[in-house]
file query.txt (compact mmCIF, C-alpha atoms)
# COMPACT_ATOMS: atom_id res chain seq x y z
CA MET A 1 6.98 44.88 -33.94
CA ALA A 2 10.53 44.72 -32.58
CA ARG A 3 11.13 48.34 -33.40
CA VAL A 4 7.97 49.33 -31.63
CA ARG A 5 8.84 47.37 -28.50
CA THR A 6 12.06 49.24 -27.82
CA THR A 7 10.20 52.43 -27.32
CA ARG A 8 7.65 51.04 -24.86
CA ASN A 9 7.47 52.08 -21.27
CA PRO A 10 8.46 49.55 -18.56
CA LEU A 11 4.86 48.92 -17.53
CA VAL A 12 3.94 47.66 -20.95
CA VAL A 13 7.06 45.53 -21.10
CA ALA A 14 6.13 44.07 -17.72
CA ALA A 15 2.61 43.44 -18.94
CA ILE A 16 3.87 41.60 -21.99
CA VAL A 17 6.31 39.56 -19.91
CA LEU A 18 3.51 38.69 -17.53
CA ALA A 19 1.23 37.75 -20.38
CA VAL A 20 3.83 35.55 -22.01
CA ALA A 21 4.62 33.94 -18.65
CA ALA A 22 0.93 33.38 -18.04
CA ALA A 23 0.45 31.77 -21.43
CA GLY A 24 3.55 29.69 -20.83
CA ALA A 25 2.34 28.60 -17.41
CA ALA A 26 -1.04 27.61 -18.77
CA GLY A 27 0.58 25.69 -21.58
CA TRP A 28 3.05 23.94 -19.33
CA GLY A 29 0.42 23.14 -16.72
CA GLY A 30 -1.90 21.82 -19.38
CA TRP A 31 0.84 19.66 -20.83
CA GLU A 32 1.76 18.28 -17.42
CA ARG A 33 -1.89 17.48 -16.75
CA TYR A 34 -2.32 15.87 -20.16
CA GLU A 35 0.83 13.81 -19.77
CA ALA A 36 -0.27 12.69 -16.32
CA THR A 37 -3.64 11.39 -17.49
CA HIS A 38 -1.93 9.64 -20.36
CA ASP A 39 0.90 8.27 -18.24
CA ASP A 40 0.84 4.53 -18.87
CA ALA A 41 3.01 3.71 -15.88
CA ALA A 42 0.68 5.56 -13.53
CA ALA A 43 -2.38 3.88 -15.04
CA TYR A 44 -0.68 0.50 -14.79
CA ALA A 45 0.26 1.10 -11.14
CA GLY A 46 -3.33 2.10 -10.43
CA ALA A 47 -4.68 -1.02 -12.11
CA ARG A 48 -2.26 -3.17 -10.09
CA ASP A 49 -3.47 -1.73 -6.80
CA GLU A 50 -7.13 -2.04 -7.82
CA ALA A 51 -6.60 -5.65 -8.86
CA LEU A 52 -4.90 -6.49 -5.56
CA ALA A 53 -7.59 -4.84 -3.44
CA ALA A 54 -10.38 -6.52 -5.40
CA GLY A 55 -8.52 -9.85 -5.40
CA GLU A 56 -7.95 -9.85 -1.64
CA GLN A 57 -11.55 -8.90 -0.97
CA ALA A 58 -12.83 -11.58 -3.34
CA VAL A 59 -10.61 -14.28 -1.79
CA GLN A 60 -11.85 -13.25 1.64
CA ASN A 61 -15.47 -13.41 0.45
CA MET A 62 -14.91 -16.84 -1.05
CA ASN A 63 -13.60 -18.15 2.28
CA THR A 64 -16.39 -16.68 4.34
CA LEU A 65 -19.67 -18.51 4.80
CA ASP A 66 -22.16 -18.73 7.63
CA HIS A 67 -24.67 -21.57 7.46
CA ALA A 68 -27.27 -19.29 9.07
CA LYS A 69 -26.84 -16.73 6.27
CA VAL A 70 -25.95 -19.08 3.46
CA GLU A 71 -27.93 -17.31 0.73
CA GLN A 72 -26.33 -13.99 1.58
CA GLY A 73 -22.90 -15.63 1.65
CA LEU A 74 -23.35 -17.30 -1.71
CA ASP A 75 -24.61 -14.03 -3.20
CA SER A 76 -21.32 -12.47 -2.15
CA TRP A 77 -19.45 -15.40 -3.74
CA GLU A 78 -21.28 -14.86 -6.98
CA GLU A 79 -20.67 -11.11 -6.87
CA SER A 80 -16.93 -11.71 -6.40
CA THR A 81 -16.57 -13.94 -9.44
CA THR A 82 -16.96 -13.94 -13.18
CA GLY A 83 -16.57 -16.33 -16.09
CA ASP A 84 -16.26 -20.08 -15.52
CA LEU A 85 -15.87 -19.80 -11.77
CA HIS A 86 -19.04 -17.76 -11.55
CA LYS A 87 -20.90 -20.29 -13.68
CA GLN A 88 -19.72 -23.18 -11.49
CA LEU A 89 -20.97 -21.41 -8.39
CA VAL A 90 -24.34 -20.65 -9.90
CA ASP A 91 -24.74 -24.22 -11.19
CA GLY A 92 -23.70 -25.80 -7.91
CA ARG A 93 -25.55 -23.41 -5.66
CA ASP A 94 -28.50 -25.58 -4.62
CA ALA A 95 -26.37 -28.58 -3.78
CA PHE A 96 -24.01 -26.39 -1.83
CA VAL A 97 -26.76 -24.76 0.19
CA GLU A 98 -27.91 -28.24 1.28
CA GLN A 99 -24.37 -29.25 2.19
CA ILE A 100 -23.66 -26.19 4.30
CA GLU A 101 -27.02 -26.29 6.05
CA ALA A 102 -26.36 -29.92 6.94
CA ALA A 103 -22.79 -29.27 8.13
CA ARG A 104 -23.84 -26.08 9.96
CA THR A 105 -20.37 -24.59 9.78
CA VAL A 106 -19.28 -20.97 9.97
CA SER A 107 -16.15 -20.01 8.05
CA THR A 108 -14.36 -16.73 8.42
CA ALA A 109 -11.20 -15.63 6.67
CA GLU A 110 -8.50 -13.13 7.43
CA ILE A 111 -6.19 -11.96 4.65
CA LEU A 112 -2.59 -11.99 5.91
CA SER A 113 -0.85 -10.74 2.80
CA GLY A 114 -1.34 -10.60 -0.92
CA ALA A 115 0.58 -9.66 -4.05
CA VAL A 116 -0.12 -9.26 -7.73
CA THR A 117 2.15 -11.63 -9.62
CA GLU A 118 1.13 -10.72 -13.15
CA LEU A 119 -0.91 -7.99 -14.74
CA ASP A 120 -2.02 -7.48 -18.31
CA ASP A 121 -3.66 -4.09 -18.11
CA ARG A 122 -4.90 -4.13 -21.69
CA ALA A 123 -6.38 -7.61 -21.66
CA GLY A 124 -7.81 -6.95 -18.20
CA LYS A 125 -6.20 -10.05 -16.68
CA ALA A 126 -4.27 -10.34 -13.46
CA GLY A 127 -2.84 -13.03 -11.22
CA VAL A 128 -2.76 -12.73 -7.44
CA MET A 129 -1.29 -14.77 -4.62
CA VAL A 130 -2.85 -14.50 -1.20
CA ALA A 131 -1.87 -15.85 2.22
CA LEU A 132 -4.84 -16.14 4.54
CA ARG A 133 -6.03 -17.65 7.77
CA VAL A 134 -9.34 -19.50 7.67
CA THR A 135 -11.29 -20.33 10.79
CA VAL A 136 -14.00 -22.97 10.49
CA THR A 137 -16.40 -23.39 13.40
CA ALA A 138 -18.55 -26.51 13.49
CA PRO A 139 -21.56 -26.85 15.82
CA GLU A 140 -19.42 -28.96 18.13
CA GLY A 141 -15.78 -28.86 18.97
CA LYS A 142 -13.17 -26.15 18.84
CA PRO A 143 -12.83 -23.86 15.83
CA ALA A 144 -10.29 -25.15 13.34
CA VAL A 145 -7.75 -22.53 12.29
CA LYS A 146 -5.83 -23.13 9.11
CA GLU A 147 -3.24 -21.09 7.29
CA SER A 148 -3.91 -21.24 3.63
CA ARG A 149 -2.29 -20.01 0.43
CA MET A 150 -4.27 -19.38 -2.69
CA LEU A 151 -3.69 -18.37 -6.28
CA GLY A 152 -6.35 -16.44 -8.13
CA GLN A 153 -6.92 -15.23 -11.65
CA LEU A 154 -8.72 -11.93 -12.01
CA THR A 155 -10.63 -10.58 -14.97
CA ARG A 156 -11.67 -6.98 -15.30
CA THR A 157 -15.40 -6.51 -15.78
CA SER A 158 -17.59 -3.43 -16.00
CA GLU A 159 -18.01 -3.75 -12.24
CA GLY A 160 -14.30 -4.00 -11.54
CA TRP A 161 -11.88 -6.88 -11.08
CA LYS A 162 -13.44 -10.25 -10.32
CA LEU A 163 -12.09 -13.74 -9.75
CA SER A 164 -12.27 -15.98 -12.79
CA ALA A 165 -10.28 -18.80 -11.17
CA LEU A 166 -9.25 -19.61 -7.63
CA GLY A 167 -7.39 -22.50 -6.08
CA GLN A 168 -5.02 -23.57 -3.36
CA ALA A 169 -1.40 -22.99 -4.29
CA PRO A 170 -0.06 -26.50 -4.75
CA VAL A 171 2.37 -27.80 -2.16
CA GLY A 172 5.04 -30.28 -3.10
CA ASN A 173 4.39 -30.86 -6.81
CA THR A 174 6.84 -28.24 -7.95
CA ALA A 175 9.61 -29.04 -5.49
CA GLY A 176 12.24 -31.57 -6.55
CA MET B 177 -1.04 49.19 -35.74
CA THR B 178 -3.31 47.02 -37.76
CA GLN B 179 -0.50 44.52 -38.20
CA SER B 180 -0.03 43.97 -34.51
CA GLY B 181 -3.72 44.31 -33.75
CA GLY B 182 -4.56 40.65 -34.14
CA THR B 183 -1.65 39.03 -32.28
CA THR B 184 -2.41 38.58 -28.62
CA VAL B 185 -4.52 39.95 -25.86
CA GLN B 186 -1.65 41.91 -24.40
CA ASP B 187 -0.91 43.68 -27.61
CA THR B 188 -4.46 44.95 -27.84
CA SER B 189 -4.27 46.30 -24.36
CA SER B 190 -1.05 48.11 -24.95
CA LYS B 191 -2.12 49.61 -28.20
CA PRO B 192 -3.27 52.87 -26.74
CA GLU B 193 0.03 53.16 -24.91
CA ARG B 194 2.11 52.38 -27.92
CA GLU B 195 0.65 55.06 -30.11
CA PRO B 196 1.36 58.03 -27.87
CA GLU B 197 4.95 56.99 -27.25
CA ARG B 198 5.86 56.78 -30.85
CA GLU B 199 4.87 60.40 -31.31
CA PRO B 200 6.69 62.89 -29.20
CA GLY B 201 3.38 64.05 -27.81
CA THR B 202 2.44 63.99 -24.17
CA ALA B 203 0.21 61.52 -22.39
CA THR B 204 -2.47 64.14 -21.87
CA ARG B 205 -2.58 64.87 -25.55
CA THR B 206 -3.08 61.25 -26.45
CA GLY B 207 -5.83 61.03 -23.94
CA THR B 208 -7.74 63.73 -25.72
CA GLU B 209 -6.74 62.38 -29.08
CA GLU B 210 -8.41 59.04 -28.39
CA GLY B 211 -11.48 60.92 -27.38
CA GLY B 212 -13.66 60.69 -24.32
CA THR B 213 -14.35 57.03 -24.97
CA GLY B 214 -10.64 56.19 -25.38
CA THR B 215 -9.39 56.46 -21.84
CA PRO B 216 -11.99 54.32 -20.08
CA ARG B 217 -11.78 51.82 -22.91
CA ALA B 218 -8.01 51.59 -22.57
CA ALA B 219 -8.29 51.15 -18.84
CA TRP B 220 -10.96 48.51 -19.31
CA ARG B 221 -8.76 46.69 -21.75
CA ARG B 222 -5.86 46.77 -19.36
CA VAL B 223 -7.99 45.31 -16.61
CA LEU B 224 -9.24 42.64 -18.97
CA ALA B 225 -5.72 41.78 -20.09
CA ALA B 226 -4.44 41.63 -16.54
CA THR B 227 -7.37 39.45 -15.50
CA LEU B 228 -6.75 37.14 -18.41
CA ALA B 229 -3.07 36.90 -17.58
CA VAL B 230 -3.80 36.09 -13.96
CA ALA B 231 -6.45 33.57 -15.00
CA LEU B 232 -3.96 31.90 -17.34
CA LEU B 233 -1.33 31.76 -14.60
CA ALA B 234 -3.83 30.30 -12.17
CA ALA B 235 -5.08 27.77 -14.70
CA GLY B 236 -1.51 26.75 -15.42
CA ALA B 237 -0.76 26.32 -11.75
CA VAL B 238 -3.92 24.32 -11.09
CA LEU B 239 -3.32 22.02 -14.06
CA PHE B 240 0.30 21.54 -13.07
CA VAL B 241 -0.59 20.63 -9.51
CA GLN B 242 -3.32 18.26 -10.74
CA GLY B 243 -0.82 16.62 -13.07
CA ARG B 244 1.69 16.19 -10.24
CA HIS B 245 -0.96 14.68 -8.01
CA LEU B 246 -2.02 12.21 -10.67
CA ARG B 247 1.52 11.07 -11.20
CA ASP B 248 2.86 11.20 -7.71
CA THR B 249 0.52 8.87 -5.84
CA PRO B 250 1.21 5.98 -3.47
CA ALA B 251 0.45 3.75 -6.47
CA THR B 252 3.14 5.26 -8.68
CA SER B 253 5.81 5.35 -5.98
CA ASN B 254 5.40 1.58 -5.69
CA ARG B 255 7.26 0.17 -8.70
CA ALA B 256 6.16 -3.44 -8.22
CA LEU B 257 5.40 -4.78 -11.72
CA THR B 258 5.63 -1.32 -13.30
CA ASP B 259 9.40 -1.80 -13.23
CA THR B 260 9.55 -5.28 -14.73
CA ALA B 261 13.30 -5.73 -14.58
CA GLY B 262 13.51 -4.44 -11.00
CA THR B 263 10.61 -6.67 -9.94
CA ASN B 264 12.16 -9.76 -11.50
CA ARG B 265 15.48 -9.01 -9.88
CA VAL B 266 14.18 -8.67 -6.34
CA VAL B 267 12.01 -11.79 -6.80
CA GLY B 268 15.05 -13.71 -8.09
CA ASP B 269 17.43 -12.55 -5.35
CA VAL B 270 14.97 -13.15 -2.51
CA SER B 271 13.77 -16.54 -3.84
CA SER B 272 17.32 -17.77 -4.29
CA ALA B 273 18.38 -16.49 -0.86
CA LEU B 274 15.45 -18.20 0.90
CA GLY B 275 16.22 -21.43 -0.92
CA LYS B 276 19.85 -21.29 0.21
CA VAL B 277 19.38 -20.35 3.87
CA PHE B 278 16.59 -22.86 4.47
CA THR B 279 18.33 -25.76 2.77
CA TYR B 280 20.82 -27.91 4.65
CA ASN B 281 21.88 -31.43 5.44
CA PRO B 282 23.87 -32.72 8.42
CA ARG B 283 27.17 -32.13 6.59
CA SER B 284 26.40 -28.73 5.15
CA THR B 285 25.18 -26.70 8.13
CA ALA B 286 28.39 -24.68 8.21
CA ALA B 287 28.03 -23.75 4.55
CA THR B 288 24.38 -22.81 5.09
CA LYS B 289 25.36 -20.60 8.01
CA GLU B 290 27.96 -18.90 5.85
CA SER B 291 25.51 -18.15 3.07
CA ALA B 292 23.04 -16.78 5.61
CA LYS B 293 25.64 -14.23 6.70
CA ARG B 294 25.90 -13.05 3.12
CA LEU B 295 22.20 -13.10 2.22
CA LEU B 296 20.58 -11.94 5.45
CA ALA B 297 21.09 -8.86 7.56
CA GLY B 298 19.58 -7.00 10.47
CA LYS B 299 16.62 -8.55 12.22
CA ALA B 300 16.43 -11.44 9.77
CA LEU B 301 19.98 -12.50 10.57
CA GLN B 302 19.32 -12.35 14.32
CA GLN B 303 16.13 -14.39 13.99
CA TYR B 304 17.94 -16.84 11.78
CA ALA B 305 20.92 -17.21 14.15
CA ALA B 306 18.58 -17.99 17.05
CA LEU B 307 16.68 -20.54 14.99
CA PHE B 308 19.71 -22.11 13.41
CA GLY B 309 21.34 -22.92 16.74
CA GLN B 310 18.61 -25.52 17.32
CA VAL B 311 18.52 -26.61 13.70
CA GLU B 312 22.22 -27.32 13.59
CA LYS B 313 21.98 -29.68 16.54
CA GLN B 314 18.82 -31.31 15.21
CA ALA B 315 20.32 -31.82 11.78
CA ALA B 316 23.28 -33.61 13.25
CA ASP B 317 21.35 -35.67 15.82
CA GLN B 318 18.49 -36.77 13.63
CA LYS B 319 20.35 -36.73 10.33
CA LEU B 320 17.83 -34.24 9.07
CA THR B 321 17.90 -32.83 5.58
CA LEU B 322 15.78 -29.83 4.67
CA THR B 323 15.29 -28.58 1.14
CA SER B 324 13.43 -25.34 0.63
CA GLN B 325 12.20 -23.84 -2.57
CA ALA B 326 10.34 -20.62 -3.21
CA VAL B 327 7.52 -21.83 -5.43
CA ARG B 328 5.94 -18.44 -5.91
CA ALA B 329 6.88 -14.90 -4.99
CA GLY B 330 5.12 -11.62 -5.51
CA VAL B 331 6.24 -8.08 -4.79
CA THR B 332 3.83 -6.06 -2.69
CA ARG B 333 5.98 -2.96 -2.58
CA LEU B 334 9.07 -2.00 -4.54
CA GLY B 335 10.96 1.19 -3.74
CA THR B 336 14.42 2.25 -4.84
CA ARG B 337 16.27 0.70 -1.88
CA SER B 338 13.69 -1.47 -0.15
CA ALA B 339 11.03 -3.98 -1.10
CA ARG B 340 8.36 -6.15 0.48
CA LEU B 341 7.46 -9.55 -0.88
CA LEU B 342 5.11 -12.40 -0.23
CA VAL B 343 6.77 -15.78 -0.79
CA PHE B 344 5.20 -19.25 -0.86
CA LEU B 345 7.87 -21.68 0.26
CA ASP B 346 7.84 -25.47 0.00
CA GLN B 347 10.00 -27.25 2.55
CA VAL B 348 10.84 -30.91 2.12
CA SER B 349 12.31 -32.45 5.23
CA GLU B 350 13.81 -35.89 5.35
CA ARG B 351 15.08 -37.90 8.27
CA GLU B 352 17.46 -40.68 7.38
CA GLY B 353 15.52 -43.84 6.70
CA LYS B 354 12.13 -42.14 6.67
CA ALA B 355 9.86 -40.82 3.96
CA ALA B 356 10.15 -37.13 3.11
CA THR B 357 7.43 -34.76 4.21
CA THR B 358 6.56 -31.49 2.55
CA ALA B 359 5.41 -28.45 4.47
CA ALA B 360 4.09 -25.17 3.14
CA ALA B 361 5.26 -21.84 4.49
CA GLN B 362 4.04 -18.38 3.64
CA LEU B 363 6.55 -15.66 4.35
CA SER B 364 6.41 -11.88 4.28
CA VAL B 365 9.90 -10.70 3.47
CA THR B 366 11.46 -7.26 3.65
CA ALA B 367 14.55 -6.80 1.52
CA GLU B 368 17.03 -3.98 1.07
CA LEU B 369 19.21 -3.28 -1.91
CA ARG B 370 22.81 -3.34 -0.74
CA GLY B 371 25.34 -2.85 -3.46
CA ASP B 372 23.92 -4.77 -6.37
CA ARG B 373 22.09 -7.42 -4.38
CA TRP B 374 18.82 -7.57 -2.47
CA ILE B 375 19.51 -8.63 1.11
CA ILE B 376 16.73 -9.99 3.33
CA VAL B 377 16.36 -7.89 6.48
CA ASP B 378 13.13 -9.28 7.91
CA ILE B 379 11.14 -12.49 7.59
CA THR B 380 7.67 -12.94 9.06
CA SER B 381 5.91 -16.25 8.85
CA ARG B 382 2.29 -15.92 7.78

call {"tool": "encode", "arguments": {"input": "query.txt", "output": "C-alpha cells"}}
result
Amino acid sequence: MARVRTTRNPLVVAAIVLAVAAAGAAGWGGWERYEATHDDAAAYAGARDEALAAGEQAVQNMNTLDHAKVEQGLDSWEESTTGDLHKQLVDGRDAFVEQIEAARTVSTAEILSGAVTELDDRAGKAGVMVALRVTVTAPEGKPAVKESRMLGQLTRTSEGWKLSALGQAPVGNTAG
Amino acid sequence: MTQSGGTTVQDTSSKPEREPEREPGTATRTGTEEGGTGTPRAAWRRVLAATLAVALLAAGAVLFVQGRHLRDTPATSNRALTDTAGTNRVVGDVSSALGKVFTYNPRSTAATKESAKRLLAGKALQQYAALFGQVEKQAADQKLTLTSQAVRAGVTRLGTRSARLLVFLDQVSEREGKAATTAAAQLSVTAELRGDRWIIVDITSR
C-alpha cells in the first residue's frame, strides 16, 4: 500500500486526505455527541432546573385558591402533588371545600425567589426553598399581604417533579 | 489490487487511477484498457466517494455542534449543586458573613462595622452603611442586641466569579429587660469571589 501511494498523483492524495478527514470528523462529531448525551453533569444540571421550575410552580399553585373556583383550585393542588401530601389533599378535600366556601377567601401567590437545596437525580428526590408573597382577600376588609418562606420536598414522577411534602420554614427553633 | 480493494471507499475510487500510474502508460491508454464501461464507472465512483466524504464531514460537523449545544446550555453554565464543593463554599461564606454583619450588641457595634467592611462590598456595603448608622444609635440607646443566623441557604446561580443565593435568616432581637423576639427575613444575595473568599455585593430583602 505504502509503495503504491508514493506514485499517486496529487488529486488522489488530496482525495484520500479528504476522506480520512471526513471519517475523522464524523467520528469526532459522533463522539462529542455521544459524550454530551451521556454527560452526567449536564443531565444533573438539567434535572436541577426542572426541579426548581416545577417546585416553584407547585408552591405557587398550593398558595393559590379562589373560593369561587374552589374545585378547579383543588384540582391544581392535587396535580402539583404526589405521595403522602397528595393523599392528604384528596382525603381532606370535602372538608376543605366547605371551609373555603364558608370563608369566601381568595388567595394569590407570587414567587419571589427559589433555590434547589438538594438533589438526588437517581432517586428522583429534591429539596427546594421558596420565598413568596401571599395575598389573601376576604369578603370584607383589606387584602392581607404576607411574606412567606417554604420548604418543599419534590419527587420525580412520570409526569415530572411533584411536591411530596411542603411546609413553612420554621422560624426561631433553630436559632440559639 | 485485490489486497487494497476492500479497505475504504476512497481506495475503491482511486483504483482506476492507481493502475495506470504504476505502468508507464498514458492516461488515454488506460482509458481504453478499462474499456468503454471503465471511464464512466470510474467517474461515477469518484463522484460517489466525494459525496460520501462530504456527507461524512457534514455529519461530523452536525453531530459536533449538537454535542456542543447539549453541553453548553444555560443549565450547564450554572454550577449550583453540580459543583458540590463550590456550592458548599459559597453557602458557607455567605451564611457566615450574614450572621456576622447582622449580629451586634451595644458594646460590639464597632467590631460589627469592621467585619462588614471585610465581608461586604459595592452596593451591599453602601446599603449596610446607611442602615447601620441608625442601628448603631438604636443599639446604644435601647440597649438592643441582635443575633442573626442563616437557617437555610440555597444557590440559585453559581458562576466562576459570581453567585446568587436565597437565604432564610432568623433574627433574634432583645432589648434589655424584655423578652426576645424572633423575626424571619428572606434575602436574595449576590456574591463575588474575591481572592479566596465570597464577598457579598448586593442584598435584597424578599

call {"tool": "atom_distance", "arguments": {"input": "query.txt", "atom1": "CA of Thr357 (chain B)", "atom2": "CA of Val128 (chain A)"}}
result
26.9 Å

call {"tool": "residues_around", "arguments": {"input": "query.txt", "residues": "Thr279 (chain B)", "least_positions_apart": "2", "cutoff": "7 Å", "atoms": "only C-alpha atoms", "output": "MDAnalysis selection string"}}
result
chainID B and resid 275:277 322:324

call {"tool": "closest_residue", "arguments": {"input": "query.txt", "among": "B:Ala367, B:Val230, B:Val241, B:Val223", "to": "Leu341 (chain B)", "atoms": "only C-alpha atoms"}}
result
B:Ala367

call {"tool": "residues_around", "arguments": {"input": "query.txt", "residues": "Glu352 (chain B)", "least_positions_apart": "3", "cutoff": "10 Å", "atoms": "only C-alpha atoms", "output": "list of chain:residue names"}}
result
B:Gln318, B:Lys319, B:Leu320, B:Thr321, B:Ser349, B:Ala355, B:Ala356

call {"tool": "residues_around", "arguments": {"input": "query.txt", "residues": "region 14-21 of chain A", "least_positions_apart": "3", "cutoff": "7 Å", "atoms": "only C-alpha atoms", "output": "PyMOL selection string"}}
result
(chain A and resi 10-11+24-25) or (chain B and resi 186+229)

call {"tool": "closest_residue", "arguments": {"input": "query.txt", "among": "B:Thr332, B:Thr366, B:Ser381, B:Thr227", "to": "Gly298 (chain B)", "atoms": "only C-alpha atoms"}}
result
B:Thr366

call {"tool": "closest_residue", "arguments": {"input": "query.txt", "among": "A:Ile100, A:Leu132, A:Leu154, A:Val116", "to": "Ala361 (chain B)", "atoms": "only C-alpha atoms"}}
result
A:Leu132

call {"tool": "interface_residues", "arguments": {"input": "query.txt", "of": "chain A", "to": "chain B", "cutoff": "7 Å", "atoms": "only C-alpha atoms", "output": "number ranges by chain"}}
result
A: 7-8, 12, 16, 18-19, 22-23, 25-30, 32-33, 36, 41-42, 44-46, 49, 112-117, 131, 171-172, 174-175

call {"tool": "residues_near_point", "arguments": {"input": "query.txt", "point": "(-15.3, -20.5, 5.2)", "cutoff": "12 Å", "atoms": "all atoms listed in the file", "output": "ChimeraX atom specification"}}
result
/A:59-67,70,73-74,77,100,103-110,132-138,143-146,148

call {"tool": "atom_distance", "arguments": {"input": "query.txt", "atom1": "CA of Thr155 (chain A)", "atom2": "CA of Ala261 (chain B)"}}
result
24.4 Å

call {"tool": "atom_distance", "arguments": {"input": "query.txt", "atom1": "CA of Gly127 (chain A)", "atom2": "CA of Leu163 (chain A)"}}
result
9.4 Å

call {"tool": "axis_aligned_box", "arguments": {"input": "query.txt", "around": "region 156-166 of chain A", "padding_each_side": "8 Å", "output": "JSON"}}
result
{"center_x": -13.6, "center_y": -11.5, "center_z": -11.8, "size_x": 24.8, "size_y": 32.2, "size_z": 24.4}

call {"tool": "closest_residue", "arguments": {"input": "query.txt", "among": "B:Gly268, B:Val365, B:Arg221, B:Ile379", "to": "Gln302 (chain B)", "atoms": "all atoms listed in the file"}}
result
B:Ile379

call {"tool": "closest_residue", "arguments": {"input": "query.txt", "among": "A:Glu159, A:Glu140, A:Glu71, A:Glu35", "to": "Arg93 (chain A)", "atoms": "only C-alpha atoms"}}
result
A:Glu71

call {"tool": "residues_around", "arguments": {"input": "query.txt", "residues": "Ala126 (chain A)", "least_positions_apart": "5", "cutoff": "10 Å", "atoms": "all atoms listed in the file", "output": "ChimeraX atom specification"}}
result
/A:47-48,51-52,55,116-121,152-156,161-164

call {"tool": "build_atoms", "arguments": {"input": "query.txt", "residues": "region 225-244 of chain B", "atoms": "N, CA and C atoms", "output": "mmCIF file, in the coordinates of the input"}}
result
data_model
loop_
_atom_site.group_PDB
_atom_site.id
_atom_site.type_symbol
_atom_site.label_atom_id
_atom_site.label_comp_id
_atom_site.auth_asym_id
_atom_site.auth_seq_id
_atom_site.Cartn_x
_atom_site.Cartn_y
_atom_site.Cartn_z
ATOM 1 N N ALA B 225 -6.962 42.483 -19.772
ATOM 2 C CA ALA B 225 -5.720 41.780 -20.090
ATOM 3 C C ALA B 225 -5.074 41.226 -18.832
ATOM 4 N N ALA B 226 -5.047 42.060 -17.788
ATOM 5 C CA ALA B 226 -4.440 41.630 -16.540
ATOM 6 C C ALA B 226 -5.205 40.444 -15.963
ATOM 7 N N THR B 227 -6.539 40.535 -16.015
ATOM 8 C CA THR B 227 -7.370 39.450 -15.500
ATOM 9 C C THR B 227 -7.096 38.151 -16.256
ATOM 10 N N LEU B 228 -7.030 38.310 -17.579
ATOM 11 C CA LEU B 228 -6.750 37.140 -18.410
ATOM 12 C C LEU B 228 -5.403 36.518 -18.067
ATOM 13 N N ALA B 229 -4.409 37.405 -17.901
ATOM 14 C CA ALA B 229 -3.070 36.900 -17.580
ATOM 15 C C ALA B 229 -3.077 36.154 -16.260
ATOM 16 N N VAL B 230 -3.737 36.735 -15.279
ATOM 17 C CA VAL B 230 -3.800 36.090 -13.960
ATOM 18 C C VAL B 230 -4.557 34.768 -14.058
ATOM 19 N N ALA B 231 -5.660 34.793 -14.839
ATOM 20 C CA ALA B 231 -6.450 33.570 -15.000
ATOM 21 C C ALA B 231 -5.612 32.476 -15.657
ATOM 22 N N LEU B 232 -4.829 32.866 -16.664
ATOM 23 C CA LEU B 232 -3.960 31.900 -17.340
ATOM 24 C C LEU B 232 -2.926 31.325 -16.373
ATOM 25 N N LEU B 233 -2.319 32.215 -15.588
ATOM 26 C CA LEU B 233 -1.330 31.760 -14.600
ATOM 27 C C LEU B 233 -1.961 30.775 -13.623
ATOM 28 N N ALA B 234 -3.141 31.151 -13.141
ATOM 29 C CA ALA B 234 -3.830 30.300 -12.170
ATOM 30 C C ALA B 234 -4.187 28.958 -12.787
ATOM 31 N N ALA B 235 -4.705 29.007 -14.017
ATOM 32 C CA ALA B 235 -5.080 27.770 -14.700
ATOM 33 C C ALA B 235 -3.854 26.870 -14.859
ATOM 34 N N GLY B 236 -2.751 27.509 -15.258
ATOM 35 C CA GLY B 236 -1.510 26.750 -15.420
ATOM 36 C C GLY B 236 -1.100 26.076 -14.134
ATOM 37 N N ALA B 237 -1.164 26.858 -13.049
ATOM 38 C CA ALA B 237 -0.760 26.320 -11.750
ATOM 39 C C ALA B 237 -1.655 25.163 -11.333
ATOM 40 N N VAL B 238 -2.956 25.364 -11.494
ATOM 41 C CA VAL B 238 -3.920 24.320 -11.090
ATOM 42 C C VAL B 238 -3.677 23.040 -11.887
ATOM 43 N N LEU B 239 -3.536 23.196 -13.200
ATOM 44 C CA LEU B 239 -3.320 22.020 -14.060
ATOM 45 C C LEU B 239 -2.023 21.312 -13.694
ATOM 46 N N PHE B 240 -0.992 22.121 -13.407
ATOM 47 C CA PHE B 240 0.300 21.540 -13.070
ATOM 48 C C PHE B 240 0.201 20.711 -11.790
ATOM 49 N N VAL B 241 -0.438 21.313 -10.796
ATOM 50 C CA VAL B 241 -0.590 20.630 -9.510
ATOM 51 C C VAL B 241 -1.413 19.343 -9.684
ATOM 52 N N GLN B 242 -2.490 19.441 -10.464
ATOM 53 C CA GLN B 242 -3.320 18.260 -10.740
ATOM 54 C C GLN B 242 -2.475 17.155 -11.378
ATOM 55 N N GLY B 243 -1.676 17.575 -12.360
ATOM 56 C CA GLY B 243 -0.820 16.620 -13.070
ATOM 57 C C GLY B 243 0.136 15.927 -12.121
ATOM 58 N N ARG B 244 0.763 16.748 -11.230
ATOM 59 C CA ARG B 244 1.690 16.190 -10.240
ATOM 60 C C ARG B 244 0.992 15.165 -9.343
#
